[in-house]
Amino acid sequence: MTELLVKNAYVIDPLRGINAETMDIAILDGKIVEEVSDAAEVIDARGMLTLPGGVDSHTHICGTKVNFGRYMSPEDMRAGRTPRQGPLHATSGYSVPTTYGNSYRYSVMGYTTLLEGAMAPLEARHTHEEFIYTPLQDTMANTLFDGNWAIMEAIRDGDVKRVAAIIGWTLRAVKGFAIKLTNPGGTEAWQWGKNVSCIRDPVPYFEVTPAEIIRSIVEANELLGLPHSVHLHCNNLGTPGNYSCTLGSLGLIPDLNKKRQTLYATHVQFHAYGGSDWKDFCSKSEPIARFVDMRPQIVMDMGQVMFGRTTTMTADGPMEFNLYRLHHEKWSNHDVELETGSGIIPVIYRRKNLVNSIMWAIGLELALLTKSPWQCLLTTDNPNGAPFVKYPEIIGLLMSKKYRDAEFATIHPDTEARVPLPAIERELDWYEIAVMTRAGQAKALGIQDLGKGHLGPGADADVAIYPLKIGEVDPSVDYQKVIDAFSRTEYTIKRGTVVARRGECLVDGSNATFWVRPKVSEAYDMGKDPDFIEKFDRYYTVRMRNYPVQEEYLNRNRCIETEARI
Amino acid sequence: MIVKDAVCPFCGCLCDDIEVEVEDDRVVAVTNACELGTTKFMGEKRMKNPILRDGDRWRDITYDEAVQYAADMLLSAERPLLYGWSGTHGEAQCVGVHMAELVRGVIDNTSSVCHGPSILAIQEVGHPGCTLGVVKNRADLVIYWGSNPIDAHPRHLSRYTRYAEGFFLENAFRDRKVIVVDIRKTETANIADEFVRIKPGGDYAVLSALRAIVQGKTDTIPRTVAGVTREQLVRVANLCKNAKFGAVYFGLGLTMTRGKYKNIRNAIELVSELSRHTKFTISAMRGHYNVYGSNEVNTWMTGYPFGIDYSRGIAFYNPGETTAVDILARKECDAALIVGSDPAAHFPRKCLEHLADIPVVQLDPYPNATTAFCNVQIPVAVTGIDAEGTAYRMDGVPIRTRKVLSTDYLSDREVLSRMCALMQEALER
């Protein structure tokens, strides 16, 4: 029995409606409890800002394409390295750190739960292997269904229950957590070197449209009763004028779930562009934010761009090829049979570049123009917009108009005519930041009932204590203090153990992996469906029996069983 | 007993449809595997227990003694080398990285003498590739360049290309063209639709010529390039441009010949160029069943695919300096742990002379050429036969190998974990 008592914590815990109260947090065997005995170890938080552990609801940290980003980029590995020290392993990398690098750096910033944004089912085992070496965070994986042949065939046949059944079987087999659609239909078209332009373009051969894929899979998601909603990377990422495609996609979504959104639209900054080409490229954050304000069924994340070098990586293969033709940097692509694809190129976002400056502004605008912080979460689509170590600077920008203006003065001078940012006065408060970095993310992922994103009794004892007394700091002026505090916790507590203190990780922990197992009726068990089995055997190059990820790949196995309505 | 869907631990094809018949704890029959795979599954004459060199003789020792010997050897070394890794499972490779970190050693895998140059090219220009099933289902053009799958990857043709069924090909055998590019008429060339014979060392020039033709600069091409006629080059370039889906598979005939990583860079750039016209991909024919896994494991653990030097605490990568051959040739290395490979059969003589001078411990089920250089050899279970574990196919698809036999042998992971634990204890003392 291990007991810990965090005294005099100045707590913001949005999921419980707690906004800045001084309280004690009692921890017993990794869980938060009402009280502990006098024998408990005591940490005196001395009035410091105390939040539930950070949750990143969209980041790329583990798996085939992430590792290929490392593999092809020794220059990035050299750009950030630390030696082995005490219980800690050596780390390498700046924009795509090694697994230990990701884990330690996130931990120092107070993050305790991470969702890998894109896992190809066929290569899921790889993602899970890397999770094991991401010891200080609990992990879960979005599973890609954007170009899945069996699903597109079922959609063509108008059989949504079969769509749900295939997703259910696959999630269970690959130990996935949620459904991800990346450029739905486009990744299949890309296996012919083609793409779909927007949601009404049919996918070659399968003759279904992205709109049909999105709608059917959203419905299937609810039939399966999954904790998270469909997680969508819209078609047409990164192209001028794509905001209308984004609005069209969001407009497809009915409100189907009382507990959470029905659609999670990811890295919307990359999908909020106006103009007809790069010359008249401009921000369309306002229509997107207004649209989302009126639809509780939609939650988005920012996908903020920050200036500097990074690596872009996505399942959206055709988009990466277009980027390659713009940047002429090295380019990798990896298509995955019957399922999806991916692409990687390194990029530098420059202040002196007008398009990059507009992109930087759009991400901030989305967060500042969307009324409810629960509907626009803080991300960089790590590492696509910027490496996650930039989060504290983004918090600073969102909390300080003064900081924004100072930064704005350094970017391309023509930006002002293309974006609304300079006119936005709003400065987010501590509570809103807590929503956007943990509570909102946990709610959107549907994991608050599993003890994530809050500090209520029964919750996992994941706590971040920042060296900051919020009564003594005016974030709109002292933004540097805000950035420093969010860069380095005083204490990060994971499952009841202090894992990081003042910038140093202290232990070599072990992660837990969350995955879903929807319970479906016998008739919808794809493992027994003759047609599914026959096609699997004929067209995959891996035997069906060798496809499922074994439980050996789960360090701490947190299986979420759902009751499917099929 | 028949074990179905067993995974063949021989080459990078990592065929997972093997049927293995087991009687009295022996493999008696193997179905679906090629000759190479069958031989591996049927393999006999394993070493029974760890052995220690004692003057001119071998002495049997216990696993505990052998593991202690290896741990002491690594701990007392100034510049230990941990080499091999492509013939074992990923879980063992992970322990290997931790051990290298602990003793500030150099960890390198067989790619440094194999597809290392291919990796260097990828680090310069990237890699447009795909999984094998994408090629199987779509490719109407396959090019084998400097590779001879009939000998080296016998089922590559039947599972993924020439003889494979494909979803988008009505009659795959007829509709799929195969081009072989090589310096001699190999067995694979005999089954090709088009054979391009290049003078030795001429690959780079031929690739450049093809790039020029694809870019519309045919008139700059001389009548022959490295022995290949302009007419044939134009024909090949047109086949590529007119294909719906083309796939290049290259082997050591391109990687390890004159030009080395520049050849691969040129081939990748040809494919990137072709991607502007149609769909094209390129991939390496990886040799050992899990050499790609050792690159993957090293990359997520250290940041680099091979040749990692921990002597300064951080992971440092400089192929040509921090790779096994170089460390040995410079006589820097003062102890070596060899796992899942046979360097004595492949390394230059100069390296082996040094290997003979330093303490060497090898983990391998069988006596091999390296045994002659060992102070201690520890027999282990064979991954895919009497041990389970993860392997990465040549296209990056990870598959868990099955155990078809139960034996008393410890797996590589078990032996290395014991070693690592002893080392950790000693360092904490």
# chains A, B, ... in the order shown; residues from 1 in each chain; ligands from 1
>>> closest_atom_pairs(of="chain B", to="chain A", cutoff="7 Å", atoms="only C-alpha atoms", output="Markdown table")
| residue | atom | partner | partner_atom | distance |
| --- | --- | --- | --- | --- |
| B:Asp5 | CA | A:Arg543 | CA | 6.9 |
| B:Asp16 | CA | A:Arg543 | CA | 6.5 |
| B:Asp17 | CA | A:Arg543 | CA | 6.6 |
| B:Ile122 | CA | A:Met72 | CA | 5.9 |
| B:Gln123 | CA | A:Met72 | CA | 4.2 |
| B:Glu124 | CA | A:Lys330 | CA | 6.6 |
| B:Val125 | CA | A:Lys330 | CA | 4.2 |
| B:Gly126 | CA | A:Trp331 | CA | 4.6 |
| B:His127 | CA | A:Ser332 | CA | 4.3 |
| B:Pro128 | CA | A:Asn333 | CA | 4.3 |
| B:Gly129 | CA | A:His334 | CA | 4.9 |
| B:Cys130 | CA | A:Asp335 | CA | 4.3 |
| B:Thr131 | CA | A:Val336 | CA | 5.4 |
| B:Gly133 | CA | A:Glu337 | CA | 5.1 |
| B:Val134 | CA | A:Glu337 | CA | 4.6 |
| B:Asn137 | CA | A:Tyr539 | CA | 6.8 |
| B:Phe167 | CA | A:Tyr539 | CA | 6.6 |
| B:Lys244 | CA | A:Trp192 | CA | 7.0 |
| B:Phe245 | CA | A:Trp192 | CA | 6.7 |
| B:Thr278 | CA | A:Gly193 | CA | 6.0 |
| B:Lys279 | CA | A:Gly193 | CA | 4.7 |
| B:Thr299 | CA | A:Tyr71 | CA | 5.9 |
| B:Trp300 | CA | A:Thr98 | CA | 5.0 |
| B:Met301 | CA | A:Thr98 | CA | 5.8 |
| B:Thr302 | CA | A:Thr98 | CA | 6.4 |
| B:Gly303 | CA | A:Ser92 | CA | 5.6 |
| B:Tyr304 | CA | A:Tyr71 | CA | 6.0 |
| B:Pro305 | CA | A:Tyr71 | CA | 6.1 |
| B:Gly313 | CA | A:Pro83 | CA | 4.6 |
| B:Ile314 | CA | A:Pro83 | CA | 4.2 |
| B:Ala315 | CA | A:Ala90 | CA | 6.8 |
| B:Val397 | CA | A:Glu123 | CA | 5.6 |
| B:Pro398 | CA | A:Glu123 | CA | 6.2 |
| B:Ile399 | CA | A:Asn546 | CA | 6.9 |
>>> write_last_selection(atoms="N, CA and C atoms", output="tab-separated table (two decimals), in the first residue's frame")
chain	number	residue	atom	x	y	z
B	5	ASP	N	0.20	-21.85	-40.11
B	5	ASP	CA	0.53	-20.42	-40.14
B	5	ASP	C	1.78	-20.10	-39.32
B	16	ASP	N	4.41	-16.32	-43.68
B	16	ASP	CA	3.73	-16.70	-42.43
B	16	ASP	C	2.65	-17.74	-42.69
B	17	ASP	N	2.83	-18.51	-43.77
B	17	ASP	CA	1.81	-19.51	-44.12
B	17	ASP	C	2.39	-20.92	-44.07
B	122	ILE	N	18.51	6.62	-48.27
B	122	ILE	CA	17.18	7.01	-47.76
B	122	ILE	C	17.31	8.23	-46.85
B	123	GLN	N	18.40	8.29	-46.09
B	123	GLN	CA	18.58	9.44	-45.20
B	123	GLN	C	18.85	10.73	-45.99
B	124	GLU	N	19.26	10.57	-47.24
B	124	GLU	CA	19.43	11.77	-48.09
B	124	GLU	C	18.17	12.16	-48.83
B	125	VAL	N	17.45	11.17	-49.38
B	125	VAL	CA	16.34	11.52	-50.27
B	125	VAL	C	14.99	10.89	-49.89
B	126	GLY	N	14.94	10.12	-48.83
B	126	GLY	CA	13.66	9.52	-48.44
B	126	GLY	C	13.41	8.20	-49.14
B	127	HIS	N	12.22	7.67	-48.94
B	127	HIS	CA	11.92	6.33	-49.47
B	127	HIS	C	10.45	6.20	-49.82
B	128	PRO	N	10.10	6.29	-51.11
B	128	PRO	CA	8.72	6.01	-51.50
B	128	PRO	C	8.49	4.51	-51.63
B	129	GLY	N	7.85	3.92	-50.66
B	129	GLY	CA	7.66	2.46	-50.65
B	129	GLY	C	6.24	2.07	-50.33
B	130	CYS	N	6.04	0.81	-50.04
B	130	CYS	CA	4.70	0.32	-49.71
B	130	CYS	C	4.85	-1.10	-49.15
B	131	THR	N	3.75	-1.64	-48.62
B	131	THR	CA	3.83	-3.03	-48.17
B	131	THR	C	3.74	-3.96	-49.38
B	133	GLY	N	1.82	-6.36	-50.07
B	133	GLY	CA	0.47	-6.64	-50.58
B	133	GLY	C	-0.02	-5.58	-51.55
B	134	VAL	N	0.47	-4.37	-51.42
B	134	VAL	CA	0.08	-3.32	-52.38
B	134	VAL	C	0.59	-3.70	-53.76
B	137	ASN	N	-1.36	-6.76	-55.22
B	137	ASN	CA	-2.70	-6.49	-55.70
B	137	ASN	C	-2.79	-5.51	-56.86
B	167	PHE	N	-5.64	-8.40	-56.82
B	167	PHE	CA	-7.04	-7.97	-56.85
B	167	PHE	C	-7.36	-7.19	-58.12
B	244	LYS	N	0.49	1.23	-64.71
B	244	LYS	CA	-0.44	1.82	-63.75
B	244	LYS	C	0.21	1.87	-62.37
B	245	PHE	N	0.98	0.83	-62.07
B	245	PHE	CA	1.63	0.75	-60.77
B	245	PHE	C	2.95	0.00	-60.97
B	278	THR	N	3.12	8.44	-62.83
B	278	THR	CA	2.24	7.33	-62.49
B	278	THR	C	2.58	6.91	-61.06
B	279	LYS	N	2.07	5.78	-60.64
B	279	LYS	CA	2.37	5.32	-59.29
B	279	LYS	C	3.62	4.45	-59.34
B	299	THR	N	16.19	2.25	-34.12
B	299	THR	CA	15.73	3.60	-34.42
B	299	THR	C	14.84	4.16	-33.32
B	300	TRP	N	13.86	3.37	-32.84
B	300	TRP	CA	13.01	3.97	-31.81
B	300	TRP	C	13.72	4.07	-30.46
B	301	MET	N	14.71	3.19	-30.23
B	301	MET	CA	15.42	3.23	-28.94
B	301	MET	C	16.57	4.25	-28.95
B	302	THR	N	17.27	4.37	-30.09
B	302	THR	CA	18.48	5.22	-30.09
B	302	THR	C	18.40	6.40	-31.05
B	303	GLY	N	17.51	6.30	-32.05
B	303	GLY	CA	17.40	7.35	-33.05
B	303	GLY	C	18.03	6.98	-34.38
B	304	TYR	N	18.81	5.91	-34.41
B	304	TYR	CA	19.54	5.56	-35.63
B	304	TYR	C	19.37	4.07	-35.95
B	305	PRO	N	19.40	3.72	-37.24
B	305	PRO	CA	19.11	2.33	-37.61
B	305	PRO	C	20.25	1.34	-37.37
B	313	GLY	N	28.00	8.45	-23.74
B	313	GLY	CA	26.74	8.49	-23.00
B	313	GLY	C	25.56	8.73	-23.91
B	314	ILE	N	25.67	9.65	-24.84
B	314	ILE	CA	24.61	9.87	-25.82
B	314	ILE	C	24.76	8.88	-26.96
B	315	ALA	N	23.71	8.75	-27.77
B	315	ALA	CA	23.78	7.89	-28.95
B	315	ALA	C	24.43	8.67	-30.07
B	397	VAL	N	6.30	-4.71	-42.11
B	397	VAL	CA	5.15	-5.31	-41.43
B	397	VAL	C	5.66	-6.21	-40.30
B	398	PRO	N	5.25	-5.93	-39.06
B	398	PRO	CA	5.73	-6.74	-37.94
B	398	PRO	C	4.85	-7.97	-37.73
B	399	ILE	N	5.48	-9.11	-37.55
B	399	ILE	CA	4.75	-10.37	-37.36
B	399	ILE	C	5.34	-11.07	-36.15
>>> residues_around(residues="B:Asn368", least_positions_apart="5", cutoff="12 Å", atoms="only C-alpha atoms", output="ChimeraX atom specification")
/B:45-47,338,340-346,362-363,373-374,377,379
>>> write_last_selection(atoms="N, CA and C atoms", output="mmCIF file, in the first residue's frame")
data_model
loop_
_atom_site.group_PDB
_atom_site.id
_atom_site.type_symbol
_atom_site.label_atom_id
_atom_site.label_comp_id
_atom_site.auth_asym_id
_atom_site.auth_seq_id
_atom_site.Cartn_x
_atom_site.Cartn_y
_atom_site.Cartn_z
ATOM 1 N N LYS B 45 21.606 -30.849 -35.187
ATOM 2 C CA LYS B 45 22.968 -30.703 -34.679
ATOM 3 C C LYS B 45 23.177 -29.380 -33.950
ATOM 4 N N ARG B 46 22.226 -29.057 -33.106
ATOM 5 C CA ARG B 46 22.420 -27.862 -32.305
ATOM 6 C C ARG B 46 23.418 -28.127 -31.199
ATOM 7 N N MET B 47 24.035 -27.084 -30.754
ATOM 8 C CA MET B 47 24.940 -27.205 -29.613
ATOM 9 C C MET B 47 24.083 -27.501 -28.371
ATOM 10 N N ILE B 338 28.415 -11.280 -29.893
ATOM 11 C CA ILE B 338 27.801 -11.504 -31.202
ATOM 12 C C ILE B 338 26.471 -12.224 -30.994
ATOM 13 N N GLY B 340 23.000 -13.624 -33.135
ATOM 14 C CA GLY B 340 22.180 -13.797 -34.331
ATOM 15 C C GLY B 340 22.845 -13.386 -35.630
ATOM 16 N N SER B 341 24.105 -13.717 -35.800
ATOM 17 C CA SER B 341 24.770 -13.479 -37.092
ATOM 18 C C SER B 341 26.093 -14.231 -37.086
ATOM 19 N N ASP B 342 26.793 -14.187 -38.196
ATOM 20 C CA ASP B 342 28.035 -14.955 -38.302
ATOM 21 C C ASP B 342 29.114 -14.096 -38.958
ATOM 22 N N PRO B 343 29.653 -13.126 -38.220
ATOM 23 C CA PRO B 343 30.585 -12.186 -38.845
ATOM 24 C C PRO B 343 31.816 -12.867 -39.444
ATOM 25 N N ALA B 344 32.265 -13.966 -38.848
ATOM 26 C CA ALA B 344 33.485 -14.602 -39.367
ATOM 27 C C ALA B 344 33.289 -15.082 -40.801
ATOM 28 N N ALA B 345 32.037 -15.313 -41.182
ATOM 29 C CA ALA B 345 31.777 -15.756 -42.552
ATOM 30 C C ALA B 345 31.697 -14.576 -43.519
ATOM 31 N N HIS B 346 31.645 -13.355 -43.016
ATOM 32 C CA HIS B 346 31.399 -12.206 -43.897
ATOM 33 C C HIS B 346 32.398 -11.062 -43.786
ATOM 34 N N GLN B 362 29.484 -15.477 -28.152
ATOM 35 C CA GLN B 362 28.470 -15.554 -29.188
ATOM 36 C C GLN B 362 27.224 -16.280 -28.679
ATOM 37 N N LEU B 363 26.057 -15.737 -29.027
ATOM 38 C CA LEU B 363 24.799 -16.451 -28.789
ATOM 39 C C LEU B 363 24.355 -17.028 -30.119
ATOM 40 N N PHE B 373 36.265 -18.178 -33.319
ATOM 41 C CA PHE B 373 36.834 -16.969 -32.721
ATOM 42 C C PHE B 373 36.321 -16.730 -31.299
ATOM 43 N N CYS B 374 35.415 -17.599 -30.852
ATOM 44 C CA CYS B 374 34.736 -17.355 -29.573
ATOM 45 C C CYS B 374 35.539 -17.843 -28.378
ATOM 46 N N GLN B 377 30.542 -19.740 -26.297
ATOM 47 C CA GLN B 377 29.339 -19.715 -27.123
ATOM 48 C C GLN B 377 28.169 -20.245 -26.311
ATOM 49 N N PRO B 379 24.368 -21.579 -26.602
ATOM 50 C CA PRO B 379 23.276 -21.969 -27.504
ATOM 51 C C PRO B 379 21.942 -21.439 -26.980
#
>>> select_by_dssp(residues="stretch 185-395 of chain B", states="strand (DSSP E or B)", output="ChimeraX atom specification")
/B:194-197,224-225,228-229,245-250,279-284,288,308-309,316-317,335-339,360-363,376-378,383,387,389-392
>>> residues_around(residues="B:Gly96", least_positions_apart="2", cutoff="8 Å", atoms="only C-alpha atoms", output="number ranges by chain")
B: 82, 92-94, 98-100, 107, 416
>>> write_last_selection(atoms="N, CA and C atoms", output="short mmCIF file (atom, residue, chain, number, x, y, z; two decimals), in the first residue's frame")
data_model
loop_
_atom_site.label_atom_id
_atom_site.label_comp_id
_atom_site.auth_asym_id
_atom_site.auth_seq_id
_atom_site.Cartn_x
_atom_site.Cartn_y
_atom_site.Cartn_z
N LEU B 82 28.72 -4.75 -29.63
CA LEU B 82 27.59 -5.68 -29.56
C LEU B 82 27.03 -5.76 -30.97
N ALA B 92 14.71 -9.24 -27.93
CA ALA B 92 16.12 -9.43 -27.58
C ALA B 92 16.94 -8.22 -28.03
N GLN B 93 16.58 -7.69 -29.19
CA GLN B 93 17.31 -6.52 -29.70
C GLN B 93 17.16 -5.33 -28.74
N CYS B 94 15.98 -5.20 -28.15
CA CYS B 94 15.75 -4.10 -27.19
C CYS B 94 16.68 -4.25 -25.99
N HIS B 98 19.80 -1.69 -24.44
CA HIS B 98 20.00 -1.30 -23.04
C HIS B 98 21.39 -1.69 -22.55
N MET B 99 21.86 -2.87 -22.98
CA MET B 99 23.19 -3.31 -22.56
C MET B 99 24.27 -2.40 -23.13
N ALA B 100 24.13 -2.05 -24.40
CA ALA B 100 25.12 -1.18 -25.03
C ALA B 100 25.18 0.16 -24.31
N ILE B 107 26.82 -0.53 -30.63
CA ILE B 107 25.89 -1.57 -31.07
C ILE B 107 25.64 -1.39 -32.56
N LEU B 416 19.95 -12.68 -22.64
CA LEU B 416 20.44 -11.29 -22.59
C LEU B 416 19.87 -10.55 -21.38
#
>>> select_by_dssp(residues="stretch 252-320 of chain B", states="alpha helix (DSSP H)", output="number ranges by chain")
B: 252-255, 261-274, 291-302
>>> write_last_selection(atoms="N, CA and C atoms", output="mmCIF file, in the first residue's frame")
data_model
loop_
_atom_site.group_PDB
_atom_site.id
_atom_site.type_symbol
_atom_site.label_atom_id
_atom_site.label_comp_id
_atom_site.auth_asym_id
_atom_site.auth_seq_id
_atom_site.Cartn_x
_atom_site.Cartn_y
_atom_site.Cartn_z
ATOM 1 N N LEU B 252 21.638 -6.409 -53.272
ATOM 2 C CA LEU B 252 23.016 -6.000 -53.026
ATOM 3 C C LEU B 252 23.784 -5.776 -54.328
ATOM 4 N N GLY B 253 23.260 -6.296 -55.444
ATOM 5 C CA GLY B 253 23.862 -6.035 -56.744
ATOM 6 C C GLY B 253 23.848 -4.560 -57.090
ATOM 7 N N LEU B 254 22.964 -3.823 -56.476
ATOM 8 C CA LEU B 254 22.949 -2.370 -56.677
ATOM 9 C C LEU B 254 23.603 -1.653 -55.495
ATOM 10 N N THR B 255 23.378 -2.193 -54.291
ATOM 11 C CA THR B 255 23.833 -1.510 -53.076
ATOM 12 C C THR B 255 25.333 -1.629 -52.854
ATOM 13 N N TYR B 261 25.913 3.830 -52.151
ATOM 14 C CA TYR B 261 24.671 4.521 -51.768
ATOM 15 C C TYR B 261 24.240 5.519 -52.827
ATOM 16 N N LYS B 262 25.175 5.957 -53.667
ATOM 17 C CA LYS B 262 24.796 6.867 -54.753
ATOM 18 C C LYS B 262 23.897 6.150 -55.759
ATOM 19 N N ASN B 263 24.157 4.851 -55.963
ATOM 20 C CA ASN B 263 23.269 4.084 -56.843
ATOM 21 C C ASN B 263 21.847 4.105 -56.313
ATOM 22 N N ILE B 264 21.730 3.846 -55.010
ATOM 23 C CA ILE B 264 20.392 3.759 -54.423
ATOM 24 C C ILE B 264 19.722 5.124 -54.474
ATOM 25 N N ARG B 265 20.496 6.151 -54.178
ATOM 26 C CA ARG B 265 19.936 7.496 -54.246
ATOM 27 C C ARG B 265 19.391 7.773 -55.653
ATOM 28 N N ASN B 266 20.164 7.377 -56.644
ATOM 29 C CA ASN B 266 19.734 7.592 -58.029
ATOM 30 C C ASN B 266 18.459 6.801 -58.340
ATOM 31 N N ALA B 267 18.411 5.566 -57.846
ATOM 32 C CA ALA B 267 17.223 4.732 -58.087
ATOM 33 C C ALA B 267 15.999 5.341 -57.405
ATOM 34 N N ILE B 268 16.175 5.833 -56.188
ATOM 35 C CA ILE B 268 15.048 6.447 -55.479
ATOM 36 C C ILE B 268 14.591 7.706 -56.219
ATOM 37 N N GLU B 269 15.557 8.460 -56.703
ATOM 38 C CA GLU B 269 15.177 9.687 -57.416
ATOM 39 C C GLU B 269 14.493 9.383 -58.749
ATOM 40 N N LEU B 270 14.878 8.266 -59.362
ATOM 41 C CA LEU B 270 14.156 7.835 -60.568
ATOM 42 C C LEU B 270 12.689 7.548 -60.216
ATOM 43 N N VAL B 271 12.495 6.855 -59.078
ATOM 44 C CA VAL B 271 11.137 6.508 -58.657
ATOM 45 C C VAL B 271 10.349 7.774 -58.284
ATOM 46 N N SER B 272 10.998 8.726 -57.608
ATOM 47 C CA SER B 272 10.310 9.980 -57.275
ATOM 48 C C SER B 272 9.910 10.706 -58.558
ATOM 49 N N GLU B 273 10.800 10.647 -59.554
ATOM 50 C CA GLU B 273 10.503 11.267 -60.848
ATOM 51 C C GLU B 273 9.309 10.573 -61.506
ATOM 52 N N LEU B 274 9.334 9.243 -61.498
ATOM 53 C CA LEU B 274 8.229 8.489 -62.110
ATOM 54 C C LEU B 274 6.908 8.736 -61.383
ATOM 55 N N VAL B 291 16.339 -8.464 -40.086
ATOM 56 C CA VAL B 291 17.323 -7.379 -40.154
ATOM 57 C C VAL B 291 16.589 -6.039 -40.150
ATOM 58 N N TYR B 292 15.430 -6.002 -40.784
ATOM 59 C CA TYR B 292 14.688 -4.747 -40.774
ATOM 60 C C TYR B 292 14.208 -4.428 -39.358
ATOM 61 N N GLY B 293 13.887 -5.478 -38.615
ATOM 62 C CA GLY B 293 13.488 -5.269 -37.217
ATOM 63 C C GLY B 293 14.614 -4.672 -36.393
ATOM 64 N N SER B 294 15.854 -5.097 -36.667
ATOM 65 C CA SER B 294 16.943 -4.529 -35.865
ATOM 66 C C SER B 294 17.117 -3.052 -36.201
ATOM 67 N N ASN B 295 16.853 -2.677 -37.458
ATOM 68 C CA ASN B 295 16.871 -1.244 -37.795
ATOM 69 C C ASN B 295 15.748 -0.512 -37.070
ATOM 70 N N GLU B 296 14.571 -1.110 -37.060
ATOM 71 C CA GLU B 296 13.412 -0.461 -36.421
ATOM 72 C C GLU B 296 13.647 -0.282 -34.920
ATOM 73 N N VAL B 297 14.056 -1.359 -34.270
ATOM 74 C CA VAL B 297 14.275 -1.306 -32.821
ATOM 75 C C VAL B 297 15.342 -0.267 -32.483
ATOM 76 N N ASN B 298 16.473 -0.336 -33.196
ATOM 77 C CA ASN B 298 17.531 0.634 -32.921
ATOM 78 C C ASN B 298 17.019 2.052 -33.108
ATOM 79 N N THR B 299 16.190 2.252 -34.115
ATOM 80 C CA THR B 299 15.732 3.602 -34.419
ATOM 81 C C THR B 299 14.841 4.161 -33.318
ATOM 82 N N TRP B 300 13.865 3.369 -32.844
ATOM 83 C CA TRP B 300 13.012 3.967 -31.811
ATOM 84 C C TRP B 300 13.715 4.071 -30.461
ATOM 85 N N MET B 301 14.714 3.189 -30.234
ATOM 86 C CA MET B 301 15.417 3.235 -28.943
ATOM 87 C C MET B 301 16.574 4.254 -28.948
ATOM 88 N N THR B 302 17.275 4.375 -30.090
ATOM 89 C CA THR B 302 18.482 5.215 -30.091
ATOM 90 C C THR B 302 18.398 6.397 -31.047
#
>>> atom_distance(atom1="atom CA of A:His454", atom2="atom CA of A:Asp478")
27.2 Å
>>> closest_residue(among="A:Lys519, A:Arg309, A:His228, A:Lys7", to="A:Ala164", atoms="only C-alpha atoms")
A:Lys519
>>> residues_around(residues="A:Lys401", least_positions_apart="6", cutoff="8 Å", atoms="only C-alpha atoms", output="ChimeraX atom specification")
/A:425-427,476
>>> residues_around(residues="B:Gly389", least_positions_apart="5", cutoff="9 Å", atoms="only C-alpha atoms", output="list in words")
Thr88, His89, Gly90, Glu91, Ala92, Thr383, Gly384, Ile399, Arg400, Thr401, Arg402 and Lys403 of chain B
>>> write_last_selection(atoms="C-alpha atoms", output="PDB file, in the first residue's frame")
ATOM      1  CA  THR B  88      16.930 -12.698 -33.462  1.00  0.00           C
ATOM      2  CA  HIS B  89      13.610 -11.283 -32.277  1.00  0.00           C
ATOM      3  CA  GLY B  90      12.939  -7.639 -31.488  1.00  0.00           C
ATOM      4  CA  GLU B  91      12.510  -8.163 -27.768  1.00  0.00           C
ATOM      5  CA  ALA B  92      16.120  -9.428 -27.576  1.00  0.00           C
ATOM      6  CA  THR B 383      13.220 -17.672 -32.945  1.00  0.00           C
ATOM      7  CA  GLY B 384      10.318 -19.018 -34.957  1.00  0.00           C
ATOM      8  CA  ILE B 399       4.748 -10.368 -37.363  1.00  0.00           C
ATOM      9  CA  ARG B 400       4.994 -12.416 -34.197  1.00  0.00           C
ATOM     10  CA  THR B 401       6.816 -15.645 -34.934  1.00  0.00           C
ATOM     11  CA  ARG B 402       5.290 -18.790 -33.537  1.00  0.00           C
ATOM     12  CA  LYS B 403       6.839 -21.434 -31.405  1.00  0.00           C
TER      13      LYS B 403
END
>>> residues_around(residues="stretch 360-364 of chain A", least_positions_apart="5", cutoff="10 Å", atoms="only C-alpha atoms", output="PyMOL selection string")
chain A and resi 267-273+282-286+301-307+349-351+354-355+369+378-380+385+394-395+397-398+404+408+411+415-416+418-422+424
>>> residues_around(residues="A:Ala45", least_positions_apart="4", cutoff="7 Å", atoms="only C-alpha atoms", output="PyMOL selection string")
chain A and resi 6-9
>>> closest_residue(among="A:Tyr466, A:Phe206, A:Phe291, A:Tyr524", to="A:Tyr10", atoms="only C-alpha atoms")
A:Tyr466
>>> atom_distance(atom1="atom CA of A:Leu250", atom2="atom CA of A:Val299")
10.1 Å
>>> atom_distance(atom1="atom CA of A:Ala315", atom2="atom CA of A:Thr187")
7.4 Å
>>> closest_residue(among="B:Pro367, B:Gly396, B:Pro359, B:Gly55", to="B:Leu74", atoms="only C-alpha atoms")
B:Pro359
